[in-house]
Amino acid sequence: MSEEIQYTDINKSFEAALERSRKIEEDLIKNPKKYRVLTGDRPTGLLHIGHYFGSLQNRVRLANMGVPTMILIADYQVLTDHDAFDKISQNTKQLVIDYLAAGINPEKQDVIIYPHSYVPECNQLMIPFLTLVSNAELSRNPTVKEEIESAGLKNVNAGMYTYPVHQACDILFCKGNVVPVGKDQLPHLEMTRTIASRFNKKFCTDMGKEPVFPEPQALLSKTPMILGLDGSQKMSKSRGNAVMLSATEDETAKLIKKAKTDQDRNITYDPVNRPEVANLLMLISLCTGEEPTAIAARIGDGGGGMLKNTLTEALNEKLRPLRQERARLEKDPEYIRKVLLDGAAKAREIGIKTLEEVRNVMNMKI
């Protein structure tokens with residue numbers, strides 16, 4: 001096996017990944033069809049405004065640019081650290097409703113939305129890919145360690161350790177070459193790049209065979225990490241600090257009213273010394289496009305009450321069209337099912353073609 005992945009080096013290379021991401025952004029505008037984006041979510045519950053500003057808006061932007069996009073609903077991966085498998089189907093459909101309401105349109109855009117469990121060809125890559133990585137590489141992955149810790153797992157199943165390899169299957173089965181991620185997801189993507197490289201070197205060097213898999217690049221998010229309404233942790237439904245996209249305007253107002261601020265009545269944008277206030281100002285900025293410093297100056301000594309009222313109005317205004325479309329889609333479950341089944345059929349076509357190539361270079365065709 002090739003030299004093992006050094007995750008410490010990966011963390012140090014964030015600036016290099018940022019520069020590559022910048023160049024990809026520039027080229028996406030000129031050559032959208034040169035790329036295939038792979039992105040998605042695990043169906044563990046409803047999406048919140050952190051998902052909306054952090055990823056959904058970017059997916060809509062890429063789709064509108066004409067970039068071929070695969071949106072994976074990673075239902076199998078829920079099993080690695082969640083026991084709520086009884087809600088996977090329901091959560092899957094709710095994800096699709098959120099995607100469509102946010103502006104994703106598989107009928108008009110080059111977008112495929114599909115559930116993982118309906119594309120067996122993707123999972124057939126798991127065995128050859130597992131032979132290309134070591135147990136040590138899997139156990140040292142910092143993202144896996146963090147997920148184990150955040151889930152509070154005492155008995156860690158093998159699926160959790162092989163999660164990065166499963167993710168490599170997700171990305172490479174469709175030959176995704178761009179993956180929108182945050183800094184914390186770079187180790188997972190480095191595992192995918194390593195697997196692609198090792199596969200090509202091992203199986204595609206004889207008789208001038210062309211490489212099967214691309215080595216995908218990160219498209220790093222420009223949106224800062226969105227903290228929850230408590231101002232101290234990442235927004236999460238399980239922490240009770242999130243505003244769901246499906247929440248009503250009244251529910252949104254009540255949640256924001258409970259948001260944490262501080263005792264200083266004069267509102268200023270100071271992420272280091274006033275993280276709770278800065279987070280609420282950033283959320284307003286994401287809704288309106290106005291700079292957080294300008295918002296703070298406008299509120300002035302209006303205090304936390306005026307800050308929260310400003311956020312409530314801005315957020316409800318921003319999400320109103322999405323929520324109206326969401327309500328309409330909820331009444332059409334057959335259409336949601338059709339989107340998923342059509343997406344799965346298209347994803348399988350891609351997977352079958354890739355699997356044929358894989359069998360061919362591994363000398364398994366009969």
# chains A, B, ... in the order shown; residues from 1 in each chain; ligands from 1
>>> closest_atom_pairs(of="stretch 179-298 of chain A", to="stretch 20-39 of chain A", cutoff="7 Å", atoms="only C-alpha atoms", output="JSON lines")
{"residue": "A:Val179", "atom": "CA", "partner": "A:Leu38", "partner_atom": "CA", "distance": 5.4}
{"residue": "A:Pro180", "atom": "CA", "partner": "A:Thr39", "partner_atom": "CA", "distance": 6.5}
{"residue": "A:Ala218", "atom": "CA", "partner": "A:Ser21", "partner_atom": "CA", "distance": 6.1}
{"residue": "A:Leu219", "atom": "CA", "partner": "A:Ser21", "partner_atom": "CA", "distance": 4.9}
{"residue": "A:Leu220", "atom": "CA", "partner": "A:Ser21", "partner_atom": "CA", "distance": 6.0}
>>> write_last_selection(atoms="all heavy atoms", output="short mmCIF file (atom, residue, chain, number, x, y, z; two decimals), in the first residue's frame")
data_model
loop_
_atom_site.label_atom_id
_atom_site.label_comp_id
_atom_site.auth_asym_id
_atom_site.auth_seq_id
_atom_site.Cartn_x
_atom_site.Cartn_y
_atom_site.Cartn_z
N VAL A 179 -16.60 18.83 -4.50
CA VAL A 179 -17.42 18.53 -3.33
C VAL A 179 -17.45 19.76 -2.43
O VAL A 179 -16.41 20.16 -1.88
CB VAL A 179 -16.87 17.33 -2.54
CG1 VAL A 179 -17.80 16.99 -1.37
CG2 VAL A 179 -16.70 16.12 -3.44
N PRO A 180 -18.61 20.40 -2.27
CA PRO A 180 -18.70 21.54 -1.34
C PRO A 180 -18.57 21.05 0.10
O PRO A 180 -19.34 20.20 0.53
CB PRO A 180 -20.11 22.10 -1.61
CG PRO A 180 -20.53 21.53 -2.93
CD PRO A 180 -19.87 20.19 -3.01
N ALA A 218 -12.08 20.20 -3.19
CA ALA A 218 -13.02 20.85 -2.26
C ALA A 218 -13.46 22.20 -2.79
O ALA A 218 -12.64 22.97 -3.29
CB ALA A 218 -12.37 21.01 -0.90
N LEU A 219 -14.75 22.45 -2.71
CA LEU A 219 -15.28 23.79 -2.93
C LEU A 219 -15.63 24.32 -1.55
O LEU A 219 -16.67 23.97 -1.00
CB LEU A 219 -16.51 23.74 -3.84
CG LEU A 219 -17.00 25.07 -4.41
CD1 LEU A 219 -15.96 25.68 -5.34
CD2 LEU A 219 -18.31 24.89 -5.15
N LEU A 220 -14.74 25.10 -0.99
CA LEU A 220 -14.90 25.52 0.40
C LEU A 220 -15.95 26.59 0.57
O LEU A 220 -16.03 27.54 -0.22
CB LEU A 220 -13.55 26.01 0.95
CG LEU A 220 -12.54 24.87 1.18
CD1 LEU A 220 -11.13 25.41 1.26
CD2 LEU A 220 -12.88 24.08 2.42
#
>>> atom_distance(atom1="atom CA of A:Leu245", atom2="atom CA of A:Met282")
17.6 Å
>>> atom_distance(atom1="atom CA of A:Gly182", atom2="atom CA of A:Leu307")
28.3 Å
>>> atom_distance(atom1="atom CA of A:Glu137", atom2="atom CA of A:Phe203")
21.1 Å
>>> residues_around(residues="A:Lys346", least_positions_apart="6", cutoff="12 Å", atoms="only C-alpha atoms", output="mmCIF file with N, CA and C atoms, in the first residue's frame")
data_model
loop_
_atom_site.group_PDB
_atom_site.id
_atom_site.type_symbol
_atom_site.label_atom_id
_atom_site.label_comp_id
_atom_site.auth_asym_id
_atom_site.auth_seq_id
_atom_site.Cartn_x
_atom_site.Cartn_y
_atom_site.Cartn_z
ATOM 1 N N MET A 70 -25.233 16.232 -8.196
ATOM 2 C CA MET A 70 -25.829 15.047 -7.578
ATOM 3 C C MET A 70 -26.087 15.380 -6.116
ATOM 4 N N ILE A 71 -27.348 15.268 -5.685
ATOM 5 C CA ILE A 71 -27.687 15.518 -4.284
ATOM 6 C C ILE A 71 -28.082 14.190 -3.645
ATOM 7 N N PRO A 106 -35.163 19.613 -10.316
ATOM 8 C CA PRO A 106 -34.595 18.566 -11.169
ATOM 9 C C PRO A 106 -35.183 18.540 -12.581
ATOM 10 N N ASP A 110 -29.795 20.623 -14.173
ATOM 11 C CA ASP A 110 -29.051 19.365 -14.301
ATOM 12 C C ASP A 110 -28.749 18.842 -12.900
ATOM 13 N N VAL A 111 -29.821 18.418 -12.216
ATOM 14 C CA VAL A 111 -29.734 17.997 -10.816
ATOM 15 C C VAL A 111 -30.408 16.641 -10.650
ATOM 16 N N ILE A 112 -29.757 15.769 -9.896
ATOM 17 C CA ILE A 112 -30.326 14.459 -9.573
ATOM 18 C C ILE A 112 -30.380 14.330 -8.058
ATOM 19 N N ILE A 113 -31.575 14.125 -7.506
ATOM 20 C CA ILE A 113 -31.764 13.904 -6.071
ATOM 21 C C ILE A 113 -32.099 12.432 -5.873
ATOM 22 N N TYR A 114 -31.364 11.735 -5.019
ATOM 23 C CA TYR A 114 -31.582 10.291 -4.908
ATOM 24 C C TYR A 114 -31.212 9.782 -3.519
ATOM 25 N N PRO A 115 -31.895 8.715 -3.049
ATOM 26 C CA PRO A 115 -31.546 8.094 -1.776
ATOM 27 C C PRO A 115 -30.473 7.024 -1.985
ATOM 28 N N TYR A 118 -31.113 3.190 -2.688
ATOM 29 C CA TYR A 118 -31.713 2.768 -3.944
ATOM 30 C C TYR A 118 -30.691 2.683 -5.079
ATOM 31 N N VAL A 119 -29.405 2.844 -4.749
ATOM 32 C CA VAL A 119 -28.365 2.784 -5.784
ATOM 33 C C VAL A 119 -27.329 1.741 -5.363
ATOM 34 N N GLU A 121 -25.303 -0.065 -6.990
ATOM 35 C CA GLU A 121 -24.018 -0.005 -7.703
ATOM 36 C C GLU A 121 -22.994 0.821 -6.942
ATOM 37 N N CYS A 174 -20.192 8.385 -9.199
ATOM 38 C CA CYS A 174 -20.691 9.268 -10.261
ATOM 39 C C CYS A 174 -19.569 10.135 -10.832
ATOM 40 N N VAL A 339 -39.872 12.382 -7.560
ATOM 41 C CA VAL A 339 -38.541 12.997 -7.629
ATOM 42 C C VAL A 339 -37.471 12.024 -7.151
ATOM 43 N N LEU A 340 -37.753 11.313 -6.061
ATOM 44 C CA LEU A 340 -36.792 10.370 -5.499
ATOM 45 C C LEU A 340 -36.584 9.163 -6.408
ATOM 46 N N ILE A 352 -24.101 2.049 -12.932
ATOM 47 C CA ILE A 352 -23.903 0.848 -13.757
ATOM 48 C C ILE A 352 -22.740 1.050 -14.724
ATOM 49 N N LYS A 353 -22.688 2.224 -15.335
ATOM 50 C CA LYS A 353 -21.608 2.530 -16.280
ATOM 51 C C LYS A 353 -20.249 2.547 -15.571
#
>>> closest_residue(among="A:Lys237, A:Lys175, A:Arg298, A:Lys202", to="A:Glu215", atoms="only C-alpha atoms")
A:Lys175
>>> select_by_dssp(residues="stretch 84-273 of chain A", states="strand (DSSP E)", output="ChimeraX atom specification")
/A:111-115,178-181,217-220
>>> write_last_selection(atoms="N, CA, C and O atoms", output="mmCIF file, in the first residue's frame")
data_model
loop_
_atom_site.group_PDB
_atom_site.id
_atom_site.type_symbol
_atom_site.label_atom_id
_atom_site.label_comp_id
_atom_site.auth_asym_id
_atom_site.auth_seq_id
_atom_site.Cartn_x
_atom_site.Cartn_y
_atom_site.Cartn_z
ATOM 1 N N VAL A 111 -29.821 18.418 -12.216
ATOM 2 C CA VAL A 111 -29.734 17.997 -10.816
ATOM 3 C C VAL A 111 -30.408 16.641 -10.650
ATOM 4 O O VAL A 111 -31.494 16.404 -11.191
ATOM 5 N N ILE A 112 -29.757 15.769 -9.896
ATOM 6 C CA ILE A 112 -30.326 14.459 -9.573
ATOM 7 C C ILE A 112 -30.380 14.330 -8.058
ATOM 8 O O ILE A 112 -29.357 14.437 -7.377
ATOM 9 N N ILE A 113 -31.575 14.125 -7.506
ATOM 10 C CA ILE A 113 -31.764 13.904 -6.071
ATOM 11 C C ILE A 113 -32.099 12.432 -5.873
ATOM 12 O O ILE A 113 -33.035 11.922 -6.498
ATOM 13 N N TYR A 114 -31.364 11.735 -5.019
ATOM 14 C CA TYR A 114 -31.582 10.291 -4.908
ATOM 15 C C TYR A 114 -31.212 9.782 -3.519
ATOM 16 O O TYR A 114 -30.324 10.327 -2.856
ATOM 17 N N PRO A 115 -31.895 8.715 -3.049
ATOM 18 C CA PRO A 115 -31.546 8.094 -1.776
ATOM 19 C C PRO A 115 -30.473 7.024 -1.985
ATOM 20 O O PRO A 115 -30.533 6.230 -2.915
ATOM 21 N N VAL A 178 -16.024 17.744 -7.773
ATOM 22 C CA VAL A 178 -16.105 18.902 -6.873
ATOM 23 C C VAL A 178 -17.052 18.555 -5.733
ATOM 24 O O VAL A 178 -18.158 18.061 -5.965
ATOM 25 N N VAL A 179 -16.600 18.826 -4.503
ATOM 26 C CA VAL A 179 -17.421 18.530 -3.330
ATOM 27 C C VAL A 179 -17.446 19.764 -2.430
ATOM 28 O O VAL A 179 -16.411 20.160 -1.885
ATOM 29 N N PRO A 180 -18.610 20.404 -2.273
ATOM 30 C CA PRO A 180 -18.702 21.540 -1.345
ATOM 31 C C PRO A 180 -18.569 21.050 0.095
ATOM 32 O O PRO A 180 -19.340 20.196 0.534
ATOM 33 N N VAL A 181 -17.575 21.564 0.797
ATOM 34 C CA VAL A 181 -17.332 21.140 2.185
ATOM 35 C C VAL A 181 -16.895 22.322 3.026
ATOM 36 O O VAL A 181 -16.511 23.376 2.512
ATOM 37 N N GLN A 217 -11.893 17.781 -5.842
ATOM 38 C CA GLN A 217 -11.403 18.953 -5.124
ATOM 39 C C GLN A 217 -12.503 19.517 -4.238
ATOM 40 O O GLN A 217 -13.685 19.354 -4.514
ATOM 41 N N ALA A 218 -12.078 20.205 -3.187
ATOM 42 C CA ALA A 218 -13.021 20.845 -2.262
ATOM 43 C C ALA A 218 -13.456 22.196 -2.787
ATOM 44 O O ALA A 218 -12.645 22.968 -3.294
ATOM 45 N N LEU A 219 -14.750 22.450 -2.707
ATOM 46 C CA LEU A 219 -15.278 23.792 -2.934
ATOM 47 C C LEU A 219 -15.635 24.319 -1.549
ATOM 48 O O LEU A 219 -16.670 23.972 -0.996
ATOM 49 N N LEU A 220 -14.744 25.104 -0.989
ATOM 50 C CA LEU A 220 -14.896 25.517 0.404
ATOM 51 C C LEU A 220 -15.952 26.589 0.572
ATOM 52 O O LEU A 220 -16.028 27.537 -0.220
#
>>> closest_residue(among="A:Arg239, A:Lys154, A:Lys93, A:Lys145", to="A:Tyr335", atoms="only C-alpha atoms")
A:Lys93
>>> closest_residue(among="A:Gln263, A:Thr252, A:Asn279, A:Asn177", to="A:Gln233", atoms="only C-alpha atoms")
A:Asn279
>>> residues_around(residues="A:Gly228", least_positions_apart="4", cutoff="9 Å", atoms="only C-alpha atoms", output="short mmCIF file (atom, residue, chain, number, x, y, z; two decimals) with C-alpha atoms, in the first residue's frame")
data_model
loop_
_atom_site.label_atom_id
_atom_site.label_comp_id
_atom_site.auth_asym_id
_atom_site.auth_seq_id
_atom_site.Cartn_x
_atom_site.Cartn_y
_atom_site.Cartn_z
CA GLY A 50 -27.87 26.87 9.32
CA SER A 232 -21.89 29.19 21.72
CA GLN A 233 -22.38 26.01 19.67
CA LYS A 234 -23.01 25.05 16.08
CA MET A 235 -26.70 25.24 15.21
CA SER A 236 -28.37 21.87 15.73
CA ARG A 239 -29.20 21.15 20.96
CA GLY A 240 -32.47 23.06 20.81
CA ASN A 241 -30.75 26.14 19.39
CA ALA A 242 -32.02 26.05 15.80
CA VAL A 243 -34.76 27.66 13.72
CA ALA A 259 -31.74 33.91 21.85
CA GLU A 276 -23.75 35.91 20.80
CA ASN A 279 -23.96 35.77 15.56
#
>>> residues_around(residues="A:Pro142", least_positions_apart="3", cutoff="9 Å", atoms="only C-alpha atoms", output="list of chain:residue names")
A:Tyr7, A:Ser139, A:Lys145, A:Glu146, A:Glu147, A:Asp184, A:Pro187, A:His188
